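Here the structure comes first, spelled out in structure tokens, and everything after it is commentary.
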Amino acid sequence: MVLNAFPNCIAAPQKRSEGALETVQSSLADKAVLTIENSSIGSFHQSYDLLLSHNLQIVQEVHMDVELCLLALPGVQKDDLQTIFSHPQDLAQCEHSLSNLGVSKKNVDHGAAGAEIISKQNLRGAGVIGSARAAELYGLNILECNFQDASPNVTRYLVLARTANIPKEYEQYKTSIVFGLEEGPGTLHKALVAFWKRDLNLTKIESRPNRGKPMRTLGTEKQFNYIFYVDFEASVAEIPAQNALKELEEIASFLRVLGCYPSTRI
């Protein structure tokens, strides 16, 4: 995705998403890419937690069709495979295909890491789910293209930077926010009505446990306490969006704008 969206960039791979965000926060890189959602397996919840725990701004959204390949050493056939390496998210996108193979699964940081292990250790009973580029880099054969269970298989990525976008006139933008709510009936409804009254289209709502205050009291019982991530189609420079956020701020325990950004499909 990085090479397609930013062909002239110098890529600096990190083992974990948190490491990518930290390199930008410490000015060692200009932008970080965070996987946020996939059309087959849904939201990547850890990514939402990282958005809140790092002081970065979303400056772009990229949608990309992802083709996962089944890779192995030259001469190895599907029937020879006993173990498949890959990232847990990639394994989840191929769950049905893997069950038909009857193999065991082994988690690694990413598909390319699994390809490197197989290549360097000459593991002829192992395969990896990864990209065609990983096969090229580590001298592996592609046993099957489009190995994922569903096609198209679209992944949504967020691009983050230290400074926010300045919205341009006449361009379409999306804004992402995160907020908490005080205890009380109908508070989430009141929060969402702030956008409905101004004809603002919500494209995504995601709830996550509030790590700082995970529990709340409801009568004599303890219940989970949630925060809410919302995406809506508008720029923060637009008056309706400003008024909606002002109304939300009046009932929210906290409110943070995570970014205002354009969307790209590659």
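We name chains A, B, ... following the order of the structure tokens; residues begin at 1 in each chain, and ligands are numbered from 1 as shown.
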
### Message
Which residues are close to Arg216 (chain A), i.e. within 6 Å by only C-alpha atoms, leaving aside same-chain residues fewer than 2 positions away? Reply as a PyMOL selection string.
### Response
chain A and resi 222-223+225

Expected file contents, prior selection, N, CA, C and O atoms, as an mmCIF file, in the first residue's frame:
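Below you can see again.cif, which holds the result:
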```cif
data_model
loop_
_atom_site.group_PDB
_atom_site.id
_atom_site.type_symbol
_atom_site.label_atom_id
_atom_site.label_comp_id
_atom_site.auth_asym_id
_atom_site.auth_seq_id
_atom_site.Cartn_x
_atom_site.Cartn_y
_atom_site.Cartn_z
ATOM 1 N N LYS A 222 -22.094 -3.366 38.140
ATOM 2 C CA LYS A 222 -21.001 -2.772 37.396
ATOM 3 C C LYS A 222 -21.151 -3.118 35.909
ATOM 4 O O LYS A 222 -21.393 -4.274 35.561
ATOM 5 N N GLN A 223 -21.003 -2.120 35.032
ATOM 6 C CA GLN A 223 -21.104 -2.310 33.595
ATOM 7 C C GLN A 223 -19.865 -1.726 32.925
ATOM 8 O O GLN A 223 -19.185 -0.853 33.475
ATOM 9 N N ASN A 225 -17.735 0.615 30.604
ATOM 10 C CA ASN A 225 -17.816 2.022 30.228
ATOM 11 C C ASN A 225 -17.123 2.193 28.874
ATOM 12 O O ASN A 225 -15.965 1.781 28.710
#
```

### Query
Residues at most 10 Å from Gln14 (chain A), counting only C-alpha atoms, excluding those fewer than 6 positions away in the same chain, as a ChimeraX atom specification?
/A:20-23,32,109

Mind writing the picked residues with N, CA and C atoms as a CSV table (one decimal), in the first residue's frame?
```
chain,number,residue,atom,x,y,z
A,20,ALA,N,5.5,2.3,14.4
A,20,ALA,CA,5.4,3.2,13.2
A,20,ALA,C,4.9,4.6,13.7
A,21,LEU,N,3.9,4.6,14.6
A,21,LEU,CA,3.4,5.8,15.1
A,21,LEU,C,4.4,6.6,15.9
A,22,GLU,N,5.2,5.8,16.7
A,22,GLU,CA,6.2,6.4,17.6
A,22,GLU,C,7.3,7.1,16.8
A,23,THR,N,7.6,6.5,15.6
A,23,THR,CA,8.7,7.1,14.8
A,23,THR,C,8.2,8.5,14.2
A,32,ALA,N,2.9,7.9,9.1
A,32,ALA,CA,2.8,6.5,9.4
A,32,ALA,C,1.5,6.0,8.8
A,109,ASP,N,4.9,-11.5,12.7
A,109,ASP,CA,4.6,-10.0,12.7
A,109,ASP,C,4.0,-9.6,11.4
```

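Between CA of Lys204 (chain A) and CA of Lys31 (chain A) the interatomic distance comes to 23.4 Å.
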
### Task
Enumerate the residues of region 39-256 of chain A with a DSSP assignment of alpha helix (DSSP H), computed from the backbone, and present them as a PyMOL selection string.
chain A and resi 45-53+88-93+95-101+111-121+132-138+187-196+239-251

### Query
Restricting the calculation to only C-alpha atoms, which member of A:Arg211, A:Lys246, A:Lys78, A:Arg265 is positioned closest to Ser53 (chain A)?
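Among the listed residues, the smallest separation from Ser53 (chain A) belongs to A:Arg211.
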
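Across A:Asn210, A:Thr83, A:Asn153, A:Gln172, the tightest approach to Tyr261 (chain A) is made by A:Gln172 when counting only C-alpha atoms.
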
### Task
Could you give me, as a PyMOL selection string, the residues within 9 Å of Cys260 (chain A), counting only C-alpha atoms and dropping anything in the same chain fewer than 3 positions from it?
chain A and resi 57-60+164-167+173-176+234-236+257

### Task
Would you mind telling me which residue in A:Glu61, A:Glu95, A:Glu144, A:Glu247 lies nearest to Lys197 (chain A) when using only C-alpha atoms?
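Counting only C-alpha atoms, the residue closest to Lys197 (chain A) is A:Glu247.
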
### Message
Please extract the residues of region 137-223 of chain A with a backbone DSSP assignment of strand (DSSP E) and present them as a PyMOL selection string.
### Response
chain A and resi 141-144+154-161+174-181+202-209+215-218+221-223

### Query
With only C-alpha atoms as the atoms that count, which of A:Leu137, A:Ala92, A:Ala252, A:Cys145 lies nearest to Phe228 (chain A)?
A:Ala252

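Closest to Leu123 (chain A) among A:Pro74, A:Pro209, A:Gly111, A:Pro88 is A:Pro74, based on only C-alpha atoms.
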
### Message
Which residue is closest to Gly139 (chain A)? Choose from A:Arg208, A:His54, A:Lys120, A:His45 and count only C-alpha atoms.
### Response
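Result for the nearest residue to Gly139 (chain A): A:Lys120.
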
### Query
How many Å separate CA of Glu37 (chain A) from CA of Lys15 (chain A)?
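Taking CA of Glu37 (chain A) as the start and CA of Lys15 (chain A) as the end point, the length is 18.9 Å.
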
### Task
Give me, please, the distance in Å between CA of Gly212 (chain A) and CA of Leu181 (chain A), quoted to one decimal.
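Going from CA of Gly212 (chain A) over to CA of Leu181 (chain A) covers 13.4 Å.
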